[in-house]
$ cat target39.csv   # CSV, C-alpha atoms
chain,number,residue,atom,x,y,z
A,1,MET,CA,0.0,0.0,0.0
A,2,ASN,CA,3.0,2.3,0.2
A,3,GLY,CA,3.9,2.5,-3.5
A,4,GLY,CA,2.5,4.4,-6.4
A,5,THR,CA,2.4,8.2,-7.0
A,6,PRO,CA,2.2,10.8,-4.2
A,7,THR,CA,-1.6,11.0,-4.9
A,8,ASP,CA,-1.9,7.2,-4.5
A,9,ARG,CA,-0.1,7.4,-1.2
A,10,LEU,CA,-2.2,10.3,0.0
A,11,VAL,CA,-5.4,8.3,-0.9
A,12,ASP,CA,-4.0,5.3,1.0
A,13,ARG,CA,-3.4,7.4,4.1
A,14,LEU,CA,-6.8,9.0,3.9
A,15,LEU,CA,-8.8,5.8,3.4
A,16,GLY,CA,-6.6,3.4,5.3
A,17,PRO,CA,-6.7,-0.4,5.0
A,18,ALA,CA,-9.9,-2.0,3.6
A,19,GLY,CA,-10.1,-5.0,5.9
A,20,PRO,CA,-10.6,-5.5,9.7
A,21,GLU,CA,-7.6,-4.3,11.7
A,22,LEU,CA,-6.2,-4.4,15.2
A,23,SER,CA,-6.2,-1.3,17.4
A,24,CYS,CA,-2.9,0.3,18.4
A,25,GLU,CA,-3.2,-1.3,21.9
A,26,GLU,CA,-3.8,-4.8,20.4
A,27,CYS,CA,-1.0,-4.2,18.0
A,28,PHE,CA,1.4,-3.4,20.8
A,29,VAL,CA,0.5,-6.5,22.8
A,30,GLN,CA,1.0,-8.8,19.8
A,31,LEU,CA,4.1,-7.0,18.3
A,32,ASP,CA,6.9,-9.1,19.9
A,33,ARG,CA,5.2,-12.4,19.0
A,34,TYR,CA,4.4,-11.2,15.5
A,35,VAL,CA,7.9,-10.1,14.7
A,36,GLU,CA,9.4,-13.3,16.1
A,37,LEU,CA,7.1,-15.3,13.8
A,38,GLU,CA,8.0,-13.1,10.8
A,39,LEU,CA,11.7,-13.6,11.5
A,40,ALA,CA,11.2,-17.4,11.9
A,41,GLY,CA,9.6,-17.5,8.5
A,42,LYS,CA,6.3,-18.6,9.9
A,43,GLU,CA,2.8,-17.4,9.0
A,44,ALA,CA,2.7,-14.3,11.1
A,45,ASP,CA,-0.2,-12.7,9.3
A,46,ALA,CA,-2.3,-15.8,9.8
A,47,ALA,CA,-1.3,-16.1,13.5
A,48,VAL,CA,-2.2,-12.5,14.2
A,49,PRO,CA,-5.2,-11.5,12.1
A,50,GLY,CA,-5.6,-7.8,11.6
A,51,MET,CA,-2.0,-7.0,12.3
A,52,ARG,CA,-0.9,-6.5,8.6
A,53,ALA,CA,-3.8,-4.2,8.0
A,54,HIS,CA,-3.1,-2.1,11.1
A,55,LEU,CA,0.6,-1.7,10.1
A,56,GLN,CA,-0.6,-0.5,6.7
A,57,GLY,CA,-2.9,2.1,8.4
A,58,CYS,CA,-0.8,3.2,11.3
A,59,SER,CA,2.7,4.6,10.4
A,60,ALA,CA,3.8,4.9,14.1
A,61,CYS,CA,3.1,1.2,14.8
A,62,ALA,CA,4.7,0.3,11.5
A,63,GLU,CA,7.8,2.1,12.5
A,64,ASP,CA,7.8,0.2,15.8
A,65,GLN,CA,7.5,-3.1,14.0
A,66,GLU,CA,10.3,-2.2,11.6
A,67,SER,CA,12.6,-1.1,14.4
A,68,LEU,CA,12.0,-4.2,16.5
A,69,ARG,CA,12.5,-6.4,13.4
A,70,ALA,CA,15.7,-4.6,12.5
A,71,LEU,CA,17.0,-4.9,16.1
A,72,LEU,CA,16.3,-8.6,16.4
A,73,SER,CA,17.8,-9.3,12.9
A,74,GLU,CA,20.9,-7.4,13.9
A,75,ARG,CA,21.3,-9.3,17.2
A,76,ARG,CA,20.8,-12.6,15.5
A,77,GLY,CA,23.5,-11.7,13.0
A,78,SER,CA,26.0,-10.6,15.7
B,1451,MET,CA,13.8,0.3,32.7
B,1452,VAL,CA,11.4,1.3,35.5
B,1453,ALA,CA,8.5,1.3,33.0
B,1454,ILE,CA,9.4,-2.2,31.8
B,1455,LEU,CA,9.6,-3.5,35.4
B,1456,GLY,CA,6.2,-2.1,36.1
B,1457,LYS,CA,4.8,-4.2,33.2
B,1458,LEU,CA,6.4,-7.5,34.2
B,1459,ASP,CA,3.1,-9.0,35.2
B,1460,GLU,CA,1.8,-8.5,31.6
B,1461,PHE,CA,4.6,-10.7,30.1
B,1462,ARG,CA,2.8,-13.8,28.8
B,1463,GLY,CA,5.7,-15.8,27.6
B,1464,GLU,CA,4.6,-15.7,23.9
B,1465,SER,CA,7.9,-14.4,22.8
B,1466,LYS,CA,11.4,-14.2,24.2
B,1467,PHE,CA,11.6,-12.0,27.3
B,1468,THR,CA,14.3,-9.8,25.6
B,1469,THR,CA,12.0,-9.2,22.5
B,1470,TRP,CA,9.2,-8.2,24.8
B,1471,ALA,CA,11.4,-5.8,26.7
B,1472,TYR,CA,12.9,-4.3,23.5
B,1473,LYS,CA,9.4,-3.4,22.2
B,1474,PHE,CA,8.8,-1.1,25.2
B,1475,ALA,CA,12.2,0.6,24.8
B,1476,LEU,CA,11.8,1.1,21.1
B,1477,TYR,CA,8.2,2.4,21.6
B,1478,GLU,CA,9.4,5.0,24.1
B,1479,ALA,CA,12.5,6.0,22.1
B,1480,ALA,CA,10.6,6.4,18.8
B,1481,ALA,CA,7.8,8.4,20.5
B,1482,THR,CA,10.4,10.7,22.2
B,1483,ILE,CA,12.3,11.3,19.0
B,1484,ARG,CA,9.1,12.2,17.1
B,1485,LYS,CA,8.1,14.6,19.9
B,1486,LEU,CA,11.5,16.2,19.9
B,1487,ALA,CA,11.4,16.6,16.2
B,1488,TRP,CA,8.2,18.6,16.5
B,1489,GLN,CA,9.0,20.4,19.7
B,1490,GLY,CA,8.1,24.1,19.3
B,1491,ARG,CA,6.5,23.6,15.9
B,1492,GLU,CA,3.0,24.7,15.3
B,1493,LEU,CA,0.9,21.7,14.3
B,1494,PRO,CA,-0.8,22.0,10.9
B,1495,LEU,CA,-4.4,21.0,11.8
B,1496,GLU,CA,-6.1,22.6,8.8
B,1497,ALA,CA,-6.3,21.2,5.3
B,1498,GLU,CA,-3.8,23.5,3.6
B,1499,ASP,CA,-1.6,21.0,1.8
B,1500,TRP,CA,-3.9,19.3,-0.8
B,1501,PRO,CA,-1.9,18.5,-3.9
B,1502,GLN,CA,-2.8,20.5,-7.0
B,1503,VAL,CA,-5.0,18.4,-9.2
B,1504,PRO,CA,-3.7,18.8,-12.8
B,1505,ASN,CA,-5.8,20.8,-15.3
B,1506,PRO,CA,-8.2,18.9,-17.5
B,1507,GLY,CA,-6.4,17.5,-20.5
B,1508,PRO,CA,-4.6,14.4,-21.7
B,1509,ALA,CA,-3.8,12.2,-18.7
B,1510,PRO,CA,-3.4,8.5,-18.2
B,1511,HIS,CA,-6.7,6.9,-17.4
B,1512,GLY,CA,-5.7,5.8,-13.9
B,1513,GLU,CA,-4.5,9.2,-13.0
B,1514,VAL,CA,-7.9,10.8,-13.9
B,1515,GLU,CA,-9.7,8.2,-11.8
B,1516,MET,CA,-7.4,8.8,-8.8
B,1517,ASN,CA,-7.9,12.6,-9.1
B,1518,ASP,CA,-11.7,12.1,-9.2
B,1519,LEU,CA,-11.4,9.9,-6.1
B,1520,LEU,CA,-9.3,12.5,-4.3
B,1521,ALA,CA,-11.8,15.3,-5.1
B,1522,ALA,CA,-14.6,13.2,-3.8
B,1523,ILE,CA,-12.7,12.4,-0.6
B,1524,ARG,CA,-12.1,16.2,-0.1
B,1525,GLN,CA,-15.9,16.8,-0.4
B,1526,GLU,CA,-16.8,13.9,1.9
B,1527,ILE,CA,-14.3,15.1,4.6
B,1528,GLU,CA,-16.3,18.3,4.8
B,1529,ALA,CA,-19.7,16.7,4.4
B,1530,SER,CA,-19.6,13.4,6.3
B,1531,LEU,CA,-17.1,13.8,9.2
B,1532,THR,CA,-17.5,15.3,12.6
B,1533,PRO,CA,-15.2,18.3,13.4
B,1534,ARG,CA,-13.1,16.0,15.6
B,1535,GLN,CA,-12.8,13.3,12.9
B,1536,ARG,CA,-11.9,16.0,10.4
B,1537,GLU,CA,-9.3,17.5,12.6
B,1538,VAL,CA,-7.6,14.1,13.3
B,1539,LEU,CA,-7.8,12.8,9.8
B,1540,VAL,CA,-6.4,16.0,8.3
B,1541,ALA,CA,-3.6,16.3,10.8
B,1542,LEU,CA,-2.5,12.6,10.6
B,1543,ALA,CA,-3.3,11.6,7.0
B,1544,LEU,CA,-3.0,14.8,5.0
B,1545,ASN,CA,-0.4,16.8,7.0
B,1546,GLU,CA,1.4,13.7,8.4
B,1547,VAL,CA,1.7,14.9,11.9
B,1548,PRO,CA,3.1,12.0,14.0
B,1549,ILE,CA,0.3,10.4,16.1
B,1550,ASP,CA,2.2,10.7,19.4
B,1551,VAL,CA,2.8,14.4,18.8
B,1552,LEU,CA,-0.9,15.0,18.0
B,1553,ALA,CA,-1.9,13.0,21.1
B,1554,ASP,CA,0.4,15.1,23.3
B,1555,ARG,CA,-1.0,18.4,21.9
B,1556,LEU,CA,-4.6,17.3,22.1
B,1557,GLY,CA,-4.3,15.7,25.6
B,1558,SER,CA,-5.2,12.3,24.1
B,1559,THR,CA,-3.5,8.9,23.4
B,1560,ARG,CA,-2.2,7.1,20.3
B,1561,GLY,CA,-4.9,4.5,20.7
B,1562,ALA,CA,-7.8,7.0,21.1
B,1563,LEU,CA,-6.7,9.1,18.1
B,1564,TYR,CA,-6.2,6.0,15.9
B,1565,LYS,CA,-9.8,4.9,16.8
B,1566,THR,CA,-11.0,8.4,15.7
B,1567,LEU,CA,-8.9,8.1,12.5
B,1568,HIS,CA,-10.3,4.6,11.9
B,1569,ASP,CA,-13.9,5.7,12.3
B,1570,ALA,CA,-13.3,8.7,10.0
B,1571,ARG,CA,-11.8,6.4,7.3
B,1572,GLN,CA,-14.7,4.0,7.6
B,1573,LYS,CA,-17.2,6.9,7.1
B,1574,LEU,CA,-15.3,8.1,4.1
B,1575,ARG,CA,-15.2,4.6,2.6
B,1576,ALA,CA,-19.0,4.2,3.2
B,1577,ALA,CA,-19.7,7.7,1.6
B,1578,LEU,CA,-17.5,6.9,-1.4
B,1579,ALA,CA,-19.3,3.5,-1.8
B,1580,SER,CA,-22.7,5.2,-1.8
B,1581,ARG,CA,-21.3,7.3,-4.7
B,1582,GLU,CA,-20.1,4.1,-6.3
B,1583,LEU,CA,-16.6,5.5,-6.1
B,1584,THR,CA,-14.2,3.0,-4.5
B,1585,ILE,CA,-10.6,1.9,-4.9
B,1586,ASP,CA,-10.3,-1.3,-6.8
B,1587,GLU,CA,-9.2,-3.7,-4.0
B,1588,THR,CA,-7.0,-5.7,-6.3
B,1589,GLU,CA,-5.3,-2.5,-7.4
B,1590,GLU,CA,-5.0,-1.5,-3.7
B,1591,GLU,CA,-3.3,-4.7,-2.8
B,1592,ASP,CA,-0.8,-4.2,-5.6
B,1593,ARG,CA,0.2,-0.8,-4.5
$ encode --input "target39.csv" --output "structure tokens"
Amino acid sequence: MNGGTPTDRLVDRLLGPAGPELSCEECFVQLDRYVELELAGKEADAAVPGMRAHLQGCSACAEDQESLRALLSERRGS
Amino acid sequence: MVAILGKLDEFRGESKFTTWAYKFALYEAAATIRKLAWQGRELPLEAEDWPQVPNPGPAPHGEVEMNDLLAAIRQEIEASLTPRQREVLVALALNEVPIDVLADRLGSTRGALYKTLHDARQKLRAALASRELTIDETEEEDR
């Protein structure tokens, strides 16, 4: 949902994800489990329904997810 | 560290303890950085930054449709949303104010503001659907 022209991205931000999504609070509770599943190559989106949609709609939670993923990846590599 | 210790009874063992602890630290650090970056800046809460829609003329088919959709969204923001929904949607989605920063200034929380944003988006989607103006979901997934 983050590609396309600036107009596409603006429309994405204005309308948000189409499907059901978690709240920010639910996202935070599930974030550690979700990122571990992602890094283990497991079906994180199936295990935590609504997480992917929320990360598409909430840039702050998406940033937290990317940071946690990057930190864990780096520590695994070190 | 103190904040994490205060949350220990919420650790459910569904991830490694270190992963669980990191998420608190990263959450706090990111929110602090966003707030520092906006410290002393006036928040743009009004819709001042709408992109210029090109003049009528030859344009790719998809671009025309997207401009029509954007124009309809602008109308529905005025017609369908409450003042609070409009304020939150414009600040977060149009002006890209970080949600933690807006929450601080409005005396709210990230979760409460996202709920308002979510409700506003749902209203806009419903209003666009009643005009038979929707994003093609397949196209949306591709973007």
$ interface_residues --input "target39.csv" --of "chain A" --to "chain B" --cutoff "8 Å" --atoms "only C-alpha atoms" --output "list of chain:residue names"
A:Met1, A:Asn2, A:Gly3, A:Gly4, A:Thr7, A:Asp8, A:Leu10, A:Val11, A:Arg13, A:Leu14, A:Leu15, A:Gly16, A:Ala18, A:Ser23, A:Cys24, A:Glu25, A:Leu31, A:Asp32, A:Arg33, A:Glu36, A:Cys58, A:Ala60, A:Asp64, A:Ser67, A:Leu68, A:Leu72
$ closest_residue --input "target39.csv" --among "B:Lys1457, B:Asp1569, B:Val1547, B:Glu1526" --to "Leu1583 (chain B)" --atoms "all atoms listed in the file"
B:Glu1526
$ atom_distance --input "target39.csv" --atom1 "CA of Gln56 (chain A)" --atom2 "CA of Glu21 (chain A)"
9.4 Å
$ atom_distance --input "target39.csv" --atom1 "CA of Ala53 (chain A)" --atom2 "CA of Cys27 (chain A)"
10.4 Å
$ atom_distance --input "target39.csv" --atom1 "CA of Ala47 (chain A)" --atom2 "CA of Asp1459 (chain B)"
23.3 Å
$ residues_around --input "target39.csv" --residues "Val48 (chain A)" --least-positions-apart "3" --cutoff "12 Å" --atoms "all atoms listed in the file" --output "ChimeraX atom specification"
/A:20-22,26-38,42-45,51-55
$ closest_residue --input "target39.csv" --among "A:Asp12, A:Ala70, A:Arg76, A:Ala40" --to "Gly57 (chain A)" --atoms "only C-alpha atoms"
A:Asp12
$ build_atoms --input "target39.csv" --residues "region 4-20 of chain A" --atoms "N, CA and C atoms" --output "mmCIF file, in the frame of the given file"
data_model
loop_
_atom_site.group_PDB
_atom_site.id
_atom_site.type_symbol
_atom_site.label_atom_id
_atom_site.label_comp_id
_atom_site.auth_asym_id
_atom_site.auth_seq_id
_atom_site.Cartn_x
_atom_site.Cartn_y
_atom_site.Cartn_z
ATOM 1 N N GLY A 4 3.334 3.580 -5.585
ATOM 2 C CA GLY A 4 2.500 4.400 -6.400
ATOM 3 C C GLY A 4 2.937 5.891 -6.366
ATOM 4 N N THR A 5 2.075 6.746 -6.927
ATOM 5 C CA THR A 5 2.400 8.200 -7.000
ATOM 6 C C THR A 5 2.082 8.826 -5.640
ATOM 7 N N PRO A 6 2.520 10.100 -5.473
ATOM 8 C CA PRO A 6 2.200 10.800 -4.200
ATOM 9 C C PRO A 6 0.659 10.841 -3.989
ATOM 10 N N THR A 7 -0.119 10.983 -5.071
ATOM 11 C CA THR A 7 -1.600 11.000 -4.900
ATOM 12 C C THR A 7 -2.084 9.632 -4.444
ATOM 13 N N ASP A 8 -1.531 8.554 -4.987
ATOM 14 C CA ASP A 8 -1.900 7.200 -4.500
ATOM 15 C C ASP A 8 -1.636 7.060 -3.031
ATOM 16 N N ARG A 9 -0.459 7.528 -2.610
ATOM 17 C CA ARG A 9 -0.100 7.400 -1.200
ATOM 18 C C ARG A 9 -0.968 8.217 -0.295
ATOM 19 N N LEU A 10 -1.330 9.402 -0.786
ATOM 20 C CA LEU A 10 -2.200 10.300 0.000
ATOM 21 C C LEU A 10 -3.601 9.579 0.161
ATOM 22 N N VAL A 11 -4.116 9.042 -0.940
ATOM 23 C CA VAL A 11 -5.400 8.300 -0.900
ATOM 24 C C VAL A 11 -5.315 7.151 0.091
ATOM 25 N N ASP A 12 -4.207 6.428 0.052
ATOM 26 C CA ASP A 12 -4.000 5.300 1.000
ATOM 27 C C ASP A 12 -4.066 5.804 2.432
ATOM 28 N N ARG A 13 -3.397 6.922 2.704
ATOM 29 C CA ARG A 13 -3.400 7.400 4.100
ATOM 30 C C ARG A 13 -4.779 7.909 4.494
ATOM 31 N N LEU A 14 -5.506 8.514 3.570
ATOM 32 C CA LEU A 14 -6.800 9.000 3.900
ATOM 33 C C LEU A 14 -7.849 7.931 4.123
ATOM 34 N N LEU A 15 -7.797 6.893 3.311
ATOM 35 C CA LEU A 15 -8.800 5.800 3.400
ATOM 36 C C LEU A 15 -8.394 4.664 4.269
ATOM 37 N N GLY A 16 -7.096 4.482 4.480
ATOM 38 C CA GLY A 16 -6.600 3.400 5.300
ATOM 39 C C GLY A 16 -6.853 2.031 4.727
ATOM 40 N N PRO A 17 -6.540 0.988 5.489
ATOM 41 C CA PRO A 17 -6.700 -0.400 5.000
ATOM 42 C C PRO A 17 -8.184 -0.732 4.831
ATOM 43 N N ALA A 18 -8.463 -1.631 3.891
ATOM 44 C CA ALA A 18 -9.900 -2.000 3.600
ATOM 45 C C ALA A 18 -10.424 -2.968 4.638
ATOM 46 N N GLY A 19 -9.611 -3.908 5.096
ATOM 47 C CA GLY A 19 -10.100 -5.000 5.900
ATOM 48 C C GLY A 19 -10.137 -4.671 7.405
ATOM 49 N N PRO A 20 -10.604 -5.638 8.216
ATOM 50 C CA PRO A 20 -10.600 -5.500 9.700
ATOM 51 C C PRO A 20 -9.125 -5.327 10.161
#
